[in-house]
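The next block holds one structure in the form of structure tokens; read it before the comments.
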Amino acid sequence: MSQKALLIVDPQIDFIEGTLPVPGAVDAMNDLAKYVNEHGHEYPLIIVTADHHPLHHCSFNTQGGPWAEHCIRNSVGAAFWPPLFQALHDYRGYVHTLYKGQSVHRDEYSVFKNPSVSVEIRAYIREMNISKIDICGIAGDFCVSDTLLDAIRYFSPDMFNLLRRFTPSFDGGHHLDGVVSRYNISVTD
């Protein structure tokens with residue numbers, strides 16, 4: 001029997017109201033927490049990705065990168081948004097957290113950029129007979145779109161459904177809309 005999974009990209013405090021806040025992220029993540037409470041039973045697998053940066057990560061503007069320091073491993077800003085964390089804690093299925101951006105010299109907007117993690121996530125999807133993946137998270141124009149683009153290299157685009165309401169973007173969703181249109185990804189608003 002085929003099943004579906006929920007893939008939540010980077011629901012971390014720094015992206016919500018920390019050092020690198022995305023407009024609309026507070027409401028989107030609070031709504032996502034309610035969604036997980038109400039619909040979590042529809043997913044035997046929830047995968048959550050998270051930035052897990054070392055102190056002097058190459059993406060930080062203090063190191064010549066484009067971003068403010070964010071999601072430094074073991075910091076408050078790297079933690080999951082508390083209402084969503086609670087919803088995931090209460091969920092009775094399998095939650096698997098996958099980390100990215102762990103090397104000081106390598107940035108990874110997508111969890112699929114990490115070769116060992118990419119193998120792991122693909123194995124979970126195969127072993128659990130996942131045929132549909134609902135994807136959402138932060139930020140739509142960077143990490144969500146990059147994750148989606150990498151994922152469709154391994155899986156058919158029709159396997160994915162974007163949960164737009166839970167996917168805020170810096171650019172108001174324009175870049176992600178282009179990806180969705182180009183690959184004919186289904187969307188739930």
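Every chain in the structure tokens has a letter given in the order shown (A, B, ...), and although residue numbers restart at 1 in each chain, ligands are simply numbered from 1 in the order shown.
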
Would you pick out the contacts of Ala28 in chain A at 9 Å or less, using only C-alpha atoms, so that residues sharing its chain but fewer than 4 positions from it are not included, and give the list as a PDB file with C-alpha atoms, in the first residue's frame?
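Output contents, as saved in selection.pdb:
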ATOM      1  CA  GLY A  24       5.061  35.546   7.554  1.00  0.00           C
ATOM      2  CA  LEU A  32       1.757  24.155  10.467  1.00  0.00           C
ATOM      3  CA  ALA A  33       1.788  23.073  14.115  1.00  0.00           C
ATOM      4  CA  GLY A 137       8.928  25.057   5.329  1.00  0.00           C
ATOM      5  CA  ARG A 165       0.305  28.102   3.347  1.00  0.00           C
ATOM      6  CA  PHE A 166       3.200  26.730   5.413  1.00  0.00           C
ATOM      7  CA  THR A 167       5.963  27.987   3.102  1.00  0.00           C
ATOM      8  CA  PRO A 168       6.848  31.664   3.595  1.00  0.00           C
TER       9      PRO A 168
END

Skipping near chain neighbours, those fewer than 4 positions away, what residues fall within 12 Å of Val76 in chain A using only C-alpha atoms, listed as a PDB file with N, CA and C atoms, in the first residue's frame?
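The resulting file, out36.pdb, is reproduced below:
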ATOM      1  N   GLN A  12      13.088  26.499  11.979  1.00  0.00           N
ATOM      2  CA  GLN A  12      13.953  26.862  13.093  1.00  0.00           C
ATOM      3  C   GLN A  12      13.745  28.305  13.534  1.00  0.00           C
ATOM      4  N   ILE A  13      13.954  28.531  14.808  1.00  0.00           N
ATOM      5  CA  ILE A  13      13.686  29.833  15.423  1.00  0.00           C
ATOM      6  C   ILE A  13      14.375  30.980  14.694  1.00  0.00           C
ATOM      7  N   ASP A  14      15.622  30.819  14.296  1.00  0.00           N
ATOM      8  CA  ASP A  14      16.319  31.917  13.616  1.00  0.00           C
ATOM      9  C   ASP A  14      15.614  32.354  12.335  1.00  0.00           C
ATOM     10  N   PHE A  15      14.927  31.447  11.657  1.00  0.00           N
ATOM     11  CA  PHE A  15      14.217  31.794  10.427  1.00  0.00           C
ATOM     12  C   PHE A  15      12.816  32.338  10.698  1.00  0.00           C
ATOM     13  N   ILE A  16      12.387  32.287  11.939  1.00  0.00           N
ATOM     14  CA  ILE A  16      11.021  32.683  12.276  1.00  0.00           C
ATOM     15  C   ILE A  16      10.996  34.027  12.992  1.00  0.00           C
ATOM     16  N   GLU A  17      11.774  34.149  14.051  1.00  0.00           N
ATOM     17  CA  GLU A  17      11.879  35.459  14.705  1.00  0.00           C
ATOM     18  C   GLU A  17      13.248  35.660  15.335  1.00  0.00           C
ATOM     19  N   GLY A  18      14.239  35.042  14.701  1.00  0.00           N
ATOM     20  CA  GLY A  18      15.611  35.150  15.193  1.00  0.00           C
ATOM     21  C   GLY A  18      16.448  36.059  14.319  1.00  0.00           C
ATOM     22  N   THR A  19      17.643  35.605  13.991  1.00  0.00           N
ATOM     23  CA  THR A  19      18.613  36.445  13.286  1.00  0.00           C
ATOM     24  C   THR A  19      18.339  36.594  11.797  1.00  0.00           C
ATOM     25  N   HIS A  52      22.425  23.149  10.622  1.00  0.00           N
ATOM     26  CA  HIS A  52      23.164  22.754  11.822  1.00  0.00           C
ATOM     27  C   HIS A  52      24.604  23.248  11.656  1.00  0.00           C
ATOM     28  N   HIS A  70      23.253  32.280  11.688  1.00  0.00           N
ATOM     29  CA  HIS A  70      21.964  31.644  11.967  1.00  0.00           C
ATOM     30  C   HIS A  70      22.154  30.142  12.195  1.00  0.00           C
ATOM     31  N   CYS A  71      21.239  29.591  12.969  1.00  0.00           N
ATOM     32  CA  CYS A  71      21.148  28.146  13.186  1.00  0.00           C
ATOM     33  C   CYS A  71      22.491  27.519  13.544  1.00  0.00           C
ATOM     34  N   ILE A  72      23.217  28.200  14.416  1.00  0.00           N
ATOM     35  CA  ILE A  72      24.484  27.649  14.908  1.00  0.00           C
ATOM     36  C   ILE A  72      24.152  26.471  15.814  1.00  0.00           C
ATOM     37  N   PHE A  80      13.863  23.963  16.857  1.00  0.00           N
ATOM     38  CA  PHE A  80      12.597  24.002  16.138  1.00  0.00           C
ATOM     39  C   PHE A  80      11.650  24.980  16.825  1.00  0.00           C
ATOM     40  N   TRP A  81      10.786  25.586  16.039  1.00  0.00           N
ATOM     41  CA  TRP A  81       9.760  26.489  16.544  1.00  0.00           C
ATOM     42  C   TRP A  81       8.949  25.743  17.613  1.00  0.00           C
ATOM     43  N   PRO A  82       8.847  26.275  18.841  1.00  0.00           N
ATOM     44  CA  PRO A  82       8.235  25.531  19.945  1.00  0.00           C
ATOM     45  C   PRO A  82       6.845  24.936  19.686  1.00  0.00           C
TER      46      PRO A  82
END

Out of chain A, which residues get strand (DSSP E) from DSSP, as a ChimeraX atom specification?
-> /A:3-9,45-51,94-100,130-137,160-163,186-188

Preceding selection exported with C-alpha atoms as a compact mmCIF listing (two decimals), in the first residue's frame:
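The new file selection32.txt reads:
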# COMPACT_ATOMS: atom_id res chain seq x y z
CA GLN A 3 1.72 6.08 1.68
CA LYS A 4 2.57 9.75 1.94
CA ALA A 5 5.19 11.65 3.90
CA LEU A 6 5.46 15.21 5.15
CA LEU A 7 8.77 16.97 4.49
CA ILE A 8 9.26 20.09 6.62
CA VAL A 9 12.24 22.24 5.69
CA LEU A 45 6.64 9.52 8.17
CA ILE A 46 7.52 13.15 8.86
CA ILE A 47 10.97 14.29 7.80
CA VAL A 48 12.28 17.56 9.21
CA THR A 49 15.42 19.17 7.84
CA ALA A 50 17.49 21.60 9.86
CA ASP A 51 20.49 23.83 9.35
CA TYR A 94 7.88 8.39 12.84
CA VAL A 95 9.70 11.75 12.87
CA HIS A 96 13.18 11.83 11.42
CA THR A 97 15.39 14.92 11.58
CA LEU A 98 18.07 15.35 8.95
CA TYR A 99 20.81 17.98 9.27
CA LYS A 100 22.52 20.07 6.62
CA ILE A 130 6.08 6.54 0.05
CA SER A 131 4.36 7.62 -3.16
CA LYS A 132 3.42 11.21 -2.26
CA ILE A 133 5.41 13.85 -0.38
CA ASP A 134 3.85 17.03 0.94
CA ILE A 135 6.62 19.64 1.26
CA CYS A 136 6.67 22.93 3.16
CA GLY A 137 8.93 25.06 5.33
CA PHE A 160 5.36 16.21 -4.67
CA ASN A 161 2.71 18.55 -3.36
CA LEU A 162 3.63 21.99 -2.03
CA LEU A 163 1.76 23.07 1.10
CA SER A 186 0.77 20.20 -7.34
CA VAL A 187 -0.05 22.86 -4.75
CA THR A 188 -2.35 22.98 -1.75

Could you give me, as a PyMOL selection string, each residue of range 71-150 of chain A that DSSP assigns to alpha helix (DSSP H) when run on this structure's backbone?
-> chain A and resi 82-90+115-127+145-150

Selection to disk with N, CA and C atoms, as a PDB file, in the first residue's frame:
ATOM      1  N   PRO A  82       8.847  26.275  18.841  1.00  0.00           N
ATOM      2  CA  PRO A  82       8.235  25.531  19.945  1.00  0.00           C
ATOM      3  C   PRO A  82       6.845  24.936  19.686  1.00  0.00           C
ATOM      4  N   PRO A  83       5.887  25.672  19.105  1.00  0.00           N
ATOM      5  CA  PRO A  83       4.595  25.019  18.863  1.00  0.00           C
ATOM      6  C   PRO A  83       4.696  23.833  17.902  1.00  0.00           C
ATOM      7  N   LEU A  84       5.557  23.938  16.898  1.00  0.00           N
ATOM      8  CA  LEU A  84       5.736  22.825  15.970  1.00  0.00           C
ATOM      9  C   LEU A  84       6.476  21.677  16.655  1.00  0.00           C
ATOM     10  N   PHE A  85       7.477  22.002  17.458  1.00  0.00           N
ATOM     11  CA  PHE A  85       8.175  20.957  18.206  1.00  0.00           C
ATOM     12  C   PHE A  85       7.185  20.161  19.050  1.00  0.00           C
ATOM     13  N   GLN A  86       6.279  20.857  19.719  1.00  0.00           N
ATOM     14  CA  GLN A  86       5.289  20.175  20.558  1.00  0.00           C
ATOM     15  C   GLN A  86       4.373  19.291  19.716  1.00  0.00           C
ATOM     16  N   ALA A  87       3.945  19.797  18.563  1.00  0.00           N
ATOM     17  CA  ALA A  87       3.084  18.999  17.685  1.00  0.00           C
ATOM     18  C   ALA A  87       3.821  17.746  17.204  1.00  0.00           C
ATOM     19  N   LEU A  88       5.100  17.885  16.866  1.00  0.00           N
ATOM     20  CA  LEU A  88       5.883  16.729  16.442  1.00  0.00           C
ATOM     21  C   LEU A  88       6.086  15.743  17.593  1.00  0.00           C
ATOM     22  N   HIS A  89       6.261  16.277  18.786  1.00  0.00           N
ATOM     23  CA  HIS A  89       6.409  15.428  19.976  1.00  0.00           C
ATOM     24  C   HIS A  89       5.138  14.613  20.224  1.00  0.00           C
ATOM     25  N   ASP A  90       3.991  15.246  20.021  1.00  0.00           N
ATOM     26  CA  ASP A  90       2.704  14.587  20.269  1.00  0.00           C
ATOM     27  C   ASP A  90       2.303  13.616  19.150  1.00  0.00           C
ATOM     28  N   PRO A 115      25.647  14.069   0.632  1.00  0.00           N
ATOM     29  CA  PRO A 115      25.513  12.742   0.004  1.00  0.00           C
ATOM     30  C   PRO A 115      25.003  11.642   0.936  1.00  0.00           C
ATOM     31  N   SER A 116      25.515  11.557   2.157  1.00  0.00           N
ATOM     32  CA  SER A 116      25.070  10.470   3.042  1.00  0.00           C
ATOM     33  C   SER A 116      23.621  10.666   3.480  1.00  0.00           C
ATOM     34  N   VAL A 117      23.236  11.896   3.714  1.00  0.00           N
ATOM     35  CA  VAL A 117      21.851  12.174   4.108  1.00  0.00           C
ATOM     36  C   VAL A 117      20.915  11.930   2.927  1.00  0.00           C
ATOM     37  N   SER A 118      21.364  12.268   1.728  1.00  0.00           N
ATOM     38  CA  SER A 118      20.566  12.028   0.530  1.00  0.00           C
ATOM     39  C   SER A 118      20.255  10.540   0.373  1.00  0.00           C
ATOM     40  N   VAL A 119      21.248   9.711   0.589  1.00  0.00           N
ATOM     41  CA  VAL A 119      21.045   8.257   0.517  1.00  0.00           C
ATOM     42  C   VAL A 119      20.051   7.822   1.589  1.00  0.00           C
ATOM     43  N   GLU A 120      20.184   8.372   2.774  1.00  0.00           N
ATOM     44  CA  GLU A 120      19.311   8.015   3.896  1.00  0.00           C
ATOM     45  C   GLU A 120      17.853   8.370   3.617  1.00  0.00           C
ATOM     46  N   ILE A 121      17.614   9.585   3.153  1.00  0.00           N
ATOM     47  CA  ILE A 121      16.237  10.016   2.909  1.00  0.00           C
ATOM     48  C   ILE A 121      15.602   9.202   1.782  1.00  0.00           C
ATOM     49  N   ARG A 122      16.377   8.908   0.748  1.00  0.00           N
ATOM     50  CA  ARG A 122      15.845   8.100  -0.354  1.00  0.00           C
ATOM     51  C   ARG A 122      15.528   6.682   0.116  1.00  0.00           C
ATOM     52  N   ALA A 123      16.333   6.143   1.013  1.00  0.00           N
ATOM     53  CA  ALA A 123      16.074   4.804   1.554  1.00  0.00           C
ATOM     54  C   ALA A 123      14.781   4.787   2.377  1.00  0.00           C
ATOM     55  N   TYR A 124      14.579   5.789   3.209  1.00  0.00           N
ATOM     56  CA  TYR A 124      13.332   5.862   3.993  1.00  0.00           C
ATOM     57  C   TYR A 124      12.114   5.881   3.076  1.00  0.00           C
ATOM     58  N   ILE A 125      12.189   6.681   2.052  1.00  0.00           N
ATOM     59  CA  ILE A 125      11.054   6.815   1.143  1.00  0.00           C
ATOM     60  C   ILE A 125      10.772   5.495   0.432  1.00  0.00           C
ATOM     61  N   ARG A 126      11.814   4.826   0.009  1.00  0.00           N
ATOM     62  CA  ARG A 126      11.658   3.522  -0.656  1.00  0.00           C
ATOM     63  C   ARG A 126      11.128   2.471   0.322  1.00  0.00           C
ATOM     64  N   GLU A 127      11.761   2.361   1.480  1.00  0.00           N
ATOM     65  CA  GLU A 127      11.398   1.316   2.450  1.00  0.00           C
ATOM     66  C   GLU A 127       9.980   1.472   2.979  1.00  0.00           C
ATOM     67  N   SER A 145      12.735  25.556  -2.183  1.00  0.00           N
ATOM     68  CA  SER A 145      12.841  25.382  -3.636  1.00  0.00           C
ATOM     69  C   SER A 145      14.064  24.538  -3.998  1.00  0.00           C
ATOM     70  N   ASP A 146      15.175  24.733  -3.316  1.00  0.00           N
ATOM     71  CA  ASP A 146      16.375  23.951  -3.612  1.00  0.00           C
ATOM     72  C   ASP A 146      16.163  22.478  -3.244  1.00  0.00           C
ATOM     73  N   THR A 147      15.517  22.222  -2.120  1.00  0.00           N
ATOM     74  CA  THR A 147      15.198  20.846  -1.725  1.00  0.00           C
ATOM     75  C   THR A 147      14.290  20.196  -2.753  1.00  0.00           C
ATOM     76  N   LEU A 148      13.289  20.923  -3.195  1.00  0.00           N
ATOM     77  CA  LEU A 148      12.363  20.393  -4.192  1.00  0.00           C
ATOM     78  C   LEU A 148      13.082  20.096  -5.508  1.00  0.00           C
ATOM     79  N   LEU A 149      13.917  21.020  -5.965  1.00  0.00           N
ATOM     80  CA  LEU A 149      14.666  20.803  -7.215  1.00  0.00           C
ATOM     81  C   LEU A 149      15.581  19.584  -7.122  1.00  0.00           C
ATOM     82  N   ASP A 150      16.248  19.431  -5.986  1.00  0.00           N
ATOM     83  CA  ASP A 150      17.106  18.253  -5.816  1.00  0.00           C
ATOM     84  C   ASP A 150      16.286  16.972  -5.716  1.00  0.00           C
TER      85      ASP A 150
END

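The spacing separating CA of Asp10 in chain A from CA of Gly65 in chain A amounts to 19.0 Å.
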
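CA of Val26 in chain A lies 19.6 Å from CA of His39 in chain A.
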
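For the choices A:Asp107, A:Asp171, A:Asp141, A:Asp177, the atom-to-atom distance to Pro66 in chain A is smallest for A:Asp107 when using only C-alpha atoms.
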